[in-house]
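Colleague: Before anything else, here's the structure in question.
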Amino acid sequence: LQECKADDLQSYIASLERVCGSSHPGSIAGGDYTTLAVQSMWKIHLILIVRKSILPHISHLCKAVQKTGALKNMVGNKGGIGIYMEIYGTTKVSFVTCHLAARHERNKKRAIDFRHIVSGLSSKLVNCNGGLLESCDHSFWMGDLNYRVDFGQYGTTEEYNSVAWLSEACNKYHYDKLLENDQLRLEMMALKTFVHFREGDIKFPPTYRCEKEHL
């Protein structure tokens with residue numbers, strides 16, 4: 001969860017558990033799930049829900065946070081949360097959620113934040129001394145990464161209208177045009193960040209931040 005007050009955290013967890021336990025369409029079938037771990041940092045929260053049947057086979061569960069915010073990484077408004085566990089004593093899995101630096105021109109800062117989160121969590125999570133990503137068989141990363149769609153005129157009326165038109169057209173060709181200008185994808189292709197990660201298929205339009213008075 002991102003930008004969610006800690007005071008409301010229990011209600012969010014309860015809502016997720018209700019969805020997992022529901023038989024309605026879109027819920028997790030069977031409701032055979034339970035909350036295993038919760039870790040928070042400011043308004044960033046990582047909630048790990050697992051199938052009850054594997055609970056006896058989970059070990060070495062640990063969690064940690066790494067700040068990358070203001071005052072030289074002292075503030076937790078930005079940063080990452082990690083949860084590590086082993087399943088059946090053989091498979092090592094990590095889950096990370098993060099909130100990276102904002103603004104379209106800060107790709108370099110986001111890459112630095114990513115590396116700082118990996119380094120910090122590697123030193124804090126049990127059995128990750130060899131490196132968080134290197135130690136795990138599977139790593140799942142999510143969050144508010146703050147990468148933007150950028151056609152070279154970010155924030156202008158012209159670019160906003162182009163992105164809006166491509167988004168509303170809503171077919172594979174137009175999504176591909178958007179993805180060609182997706183900062184995260186370009187940074188990954190250049191091996192500047194999230195190296196060896198594989199992003200899921202994008203089947204939804206982007207958000208686009210623009211000053212109202214410029215529209």
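Ordering of the structure tokens sets the chain letters (A, B, ...), residue numbers begin anew at 1 in every chain, and ligands are numbered from 1 in the order given.
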Hey, what does DSSP flag as helix (DSSP H, G or I) within stretch 21-212 of chain A? Can you give it to me as a PyMOL selection string?
Modeller: chain A and resi 29-31+52-57+70-73+107-124+132-135+157-169+172-179+183-189+212
Colleague: Quick one: residues within 9 Å of A:Gly120, only C-alpha atoms counted, chain neighbours fewer than 6 positions away excluded, as a list in words?
Modeller: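 Neighbouring residues, sequence-local ones excluded: Ala64, Val65, Gln66 and Lys67 of chain A.
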Colleague: Write to file, as a PDB file, in the first residue's frame, the residues of the selection just made, with C-alpha atoms.
Modeller:
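Saved to out06.pdb:
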ATOM      1  CA  ALA A  64      13.222  -4.664   7.297  1.00  0.00           C
ATOM      2  CA  VAL A  65      12.963  -1.106   6.005  1.00  0.00           C
ATOM      3  CA  GLN A  66      15.413   1.141   4.188  1.00  0.00           C
ATOM      4  CA  LYS A  67      14.839   4.907   4.005  1.00  0.00           C
TER       5      LYS A  67
END
Colleague: Could you give me the residues within stretch 68-155 of chain A that DSSP places in strand (DSSP E or B), as a PyMOL selection string?
Modeller: chain A and resi 79-87+91-99+138-144+149
Colleague: Mind dumping the selected residues with N, CA and C atoms as a PDB file, in the first residue's frame?
Modeller:
ATOM      1  N   GLY A  79      11.633   5.286   0.119  1.00  0.00           N
ATOM      2  CA  GLY A  79      12.442   4.148   0.533  1.00  0.00           C
ATOM      3  C   GLY A  79      11.765   2.828   0.213  1.00  0.00           C
ATOM      4  N   GLY A  80      12.208   1.765   0.870  1.00  0.00           N
ATOM      5  CA  GLY A  80      11.665   0.447   0.567  1.00  0.00           C
ATOM      6  C   GLY A  80      11.468  -0.409   1.802  1.00  0.00           C
ATOM      7  N   ILE A  81      10.576  -1.375   1.674  1.00  0.00           N
ATOM      8  CA  ILE A  81      10.291  -2.357   2.713  1.00  0.00           C
ATOM      9  C   ILE A  81      10.514  -3.742   2.119  1.00  0.00           C
ATOM     10  N   GLY A  82      11.183  -4.604   2.857  1.00  0.00           N
ATOM     11  CA  GLY A  82      11.430  -5.951   2.365  1.00  0.00           C
ATOM     12  C   GLY A  82      10.986  -7.026   3.334  1.00  0.00           C
ATOM     13  N   ILE A  83      10.472  -8.107   2.804  1.00  0.00           N
ATOM     14  CA  ILE A  83      10.143  -9.302   3.583  1.00  0.00           C
ATOM     15  C   ILE A  83      10.807 -10.493   2.900  1.00  0.00           C
ATOM     16  N   TYR A  84      11.492 -11.296   3.702  1.00  0.00           N
ATOM     17  CA  TYR A  84      12.212 -12.468   3.196  1.00  0.00           C
ATOM     18  C   TYR A  84      11.685 -13.716   3.891  1.00  0.00           C
ATOM     19  N   MET A  85      11.629 -14.820   3.152  1.00  0.00           N
ATOM     20  CA  MET A  85      11.261 -16.085   3.771  1.00  0.00           C
ATOM     21  C   MET A  85      11.784 -17.238   2.936  1.00  0.00           C
ATOM     22  N   GLU A  86      11.822 -18.403   3.562  1.00  0.00           N
ATOM     23  CA  GLU A  86      12.172 -19.632   2.861  1.00  0.00           C
ATOM     24  C   GLU A  86      10.963 -20.558   2.884  1.00  0.00           C
ATOM     25  N   ILE A  87      10.749 -21.270   1.789  1.00  0.00           N
ATOM     26  CA  ILE A  87       9.620 -22.192   1.666  1.00  0.00           C
ATOM     27  C   ILE A  87      10.159 -23.601   1.442  1.00  0.00           C
ATOM     28  N   THR A  91      13.490 -22.996  -1.134  1.00  0.00           N
ATOM     29  CA  THR A  91      13.204 -21.855  -2.008  1.00  0.00           C
ATOM     30  C   THR A  91      13.217 -20.558  -1.216  1.00  0.00           C
ATOM     31  N   LYS A  92      14.091 -19.650  -1.613  1.00  0.00           N
ATOM     32  CA  LYS A  92      14.236 -18.360  -0.940  1.00  0.00           C
ATOM     33  C   LYS A  92      13.502 -17.289  -1.748  1.00  0.00           C
ATOM     34  N   VAL A  93      12.613 -16.563  -1.056  1.00  0.00           N
ATOM     35  CA  VAL A  93      11.748 -15.593  -1.734  1.00  0.00           C
ATOM     36  C   VAL A  93      11.786 -14.261  -0.999  1.00  0.00           C
ATOM     37  N   SER A  94      11.827 -13.182  -1.750  1.00  0.00           N
ATOM     38  CA  SER A  94      11.748 -11.854  -1.134  1.00  0.00           C
ATOM     39  C   SER A  94      10.669 -11.036  -1.825  1.00  0.00           C
ATOM     40  N   PHE A  95      10.063 -10.145  -1.035  1.00  0.00           N
ATOM     41  CA  PHE A  95       9.049  -9.218  -1.527  1.00  0.00           C
ATOM     42  C   PHE A  95       9.475  -7.814  -1.112  1.00  0.00           C
ATOM     43  N   VAL A  96       9.476  -6.898  -2.046  1.00  0.00           N
ATOM     44  CA  VAL A  96       9.878  -5.525  -1.754  1.00  0.00           C
ATOM     45  C   VAL A  96       8.845  -4.565  -2.327  1.00  0.00           C
ATOM     46  N   THR A  97       8.460  -3.583  -1.529  1.00  0.00           N
ATOM     47  CA  THR A  97       7.670  -2.469  -2.046  1.00  0.00           C
ATOM     48  C   THR A  97       8.440  -1.189  -1.764  1.00  0.00           C
ATOM     49  N   CYS A  98       8.282  -0.214  -2.638  1.00  0.00           N
ATOM     50  CA  CYS A  98       9.086   0.993  -2.485  1.00  0.00           C
ATOM     51  C   CYS A  98       8.337   2.231  -2.951  1.00  0.00           C
ATOM     52  N   HIS A  99       8.861   3.366  -2.568  1.00  0.00           N
ATOM     53  CA  HIS A  99       8.412   4.663  -3.074  1.00  0.00           C
ATOM     54  C   HIS A  99       9.670   5.423  -3.461  1.00  0.00           C
ATOM     55  N   HIS A 138      13.574 -16.139  -6.017  1.00  0.00           N
ATOM     56  CA  HIS A 138      12.548 -15.289  -6.623  1.00  0.00           C
ATOM     57  C   HIS A 138      12.438 -13.994  -5.820  1.00  0.00           C
ATOM     58  N   SER A 139      12.408 -12.864  -6.515  1.00  0.00           N
ATOM     59  CA  SER A 139      12.204 -11.565  -5.869  1.00  0.00           C
ATOM     60  C   SER A 139      11.074 -10.830  -6.581  1.00  0.00           C
ATOM     61  N   PHE A 140      10.122 -10.366  -5.805  1.00  0.00           N
ATOM     62  CA  PHE A 140       8.970  -9.637  -6.343  1.00  0.00           C
ATOM     63  C   PHE A 140       9.064  -8.184  -5.875  1.00  0.00           C
ATOM     64  N   TRP A 141       9.076  -7.262  -6.833  1.00  0.00           N
ATOM     65  CA  TRP A 141       9.247  -5.839  -6.505  1.00  0.00           C
ATOM     66  C   TRP A 141       8.037  -5.074  -7.004  1.00  0.00           C
ATOM     67  N   MET A 142       7.519  -4.186  -6.168  1.00  0.00           N
ATOM     68  CA  MET A 142       6.312  -3.416  -6.509  1.00  0.00           C
ATOM     69  C   MET A 142       6.398  -2.050  -5.841  1.00  0.00           C
ATOM     70  N   GLY A 143       5.399  -1.204  -6.091  1.00  0.00           N
ATOM     71  CA  GLY A 143       5.342   0.075  -5.393  1.00  0.00           C
ATOM     72  C   GLY A 143       5.101   1.248  -6.304  1.00  0.00           C
ATOM     73  N   ASP A 144       5.351   2.427  -5.769  1.00  0.00           N
ATOM     74  CA  ASP A 144       5.236   3.674  -6.518  1.00  0.00           C
ATOM     75  C   ASP A 144       6.640   4.041  -6.995  1.00  0.00           C
ATOM     76  N   VAL A 149       5.740   8.426 -18.319  1.00  0.00           N
ATOM     77  CA  VAL A 149       5.728   8.403 -19.775  1.00  0.00           C
ATOM     78  C   VAL A 149       6.240   9.763 -20.230  1.00  0.00           C
TER      79      VAL A 149
END
Colleague: How many Å separate atom CA of A:Lys52 from atom CA of A:Tyr88?
Modeller: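 Value for the atom CA of A:Lys52-atom CA of A:Tyr88 distance: 13.8 Å.
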Colleague: Given only C-alpha atoms as the basis, pick out the residue of A:Trp165, A:Tyr173, A:Phe114, A:Tyr147 nearest to A:Lys78.
Modeller: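 Of all the options, A:Phe114 lies closest to A:Lys78.
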Colleague: Counting only C-alpha atoms, which of A:Ala190, A:Arg110, A:Lys177, A:Thr90 gets nearest to A:Ser135?
Modeller: A:Thr90
Colleague: Just give me the gap between atom CA of A:Lys72 and atom CA of A:Gly131 in Å, one decimal is fine.
Modeller: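 Calculated distance between atom CA of A:Lys72 and atom CA of A:Gly131 is 22.5 Å.
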Colleague: Closest to A:Glu158 among A:Cys210, A:Tyr33, A:Ile44, A:Val195, using only C-alpha atoms?
Modeller: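 With only C-alpha atoms as the atom set, the closest residue is A:Cys210.
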Colleague: Compile the contact shell of A:Cys4 as a list in words: residues with an atom at most 8 Å away, counting only C-alpha atoms, same-chain residues fewer than 5 positions apart removed.
Modeller: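 After dropping sequence-adjacent residues, the list is Leu9, Lys43, Ile44 and His45 of chain A.
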Colleague: Could you save those same residues with C-alpha atoms as an mmCIF file, in the first residue's frame?
Modeller:
data_model
loop_
_atom_site.group_PDB
_atom_site.id
_atom_site.type_symbol
_atom_site.label_atom_id
_atom_site.label_comp_id
_atom_site.auth_asym_id
_atom_site.auth_seq_id
_atom_site.Cartn_x
_atom_site.Cartn_y
_atom_site.Cartn_z
ATOM 1 C CA LEU A 9 -3.805 -0.036 8.362
ATOM 2 C CA LYS A 43 2.646 5.741 4.664
ATOM 3 C CA ILE A 44 4.207 2.756 2.883
ATOM 4 C CA HIS A 45 2.960 -0.707 3.895
#
Colleague: Considering only C-alpha atoms, can you say which of A:Met189, A:Asp176, A:Glu134, A:Lys63 comes closest to A:Leu121?
Modeller: A:Lys63
Colleague: Between atom CA of A:Thr193 and atom CA of A:Arg115, measure the distance and give it in Å to one decimal.
Modeller: 7.9 Å
Colleague: My list of candidates is A:Asp32, A:Ser40, A:Pro56, A:Gly152. Which is closest to A:Gln2 when distances are computed with only C-alpha atoms?
Modeller: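 Nearest to A:Gln2: A:Ser40.
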Colleague: Pick from A:Leu48, A:Leu178, A:Val75, A:Ala169: nearest to A:Leu1, with only C-alpha atoms counted?
Modeller: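 For A:Leu1, the nearest of the candidates is A:Leu48.
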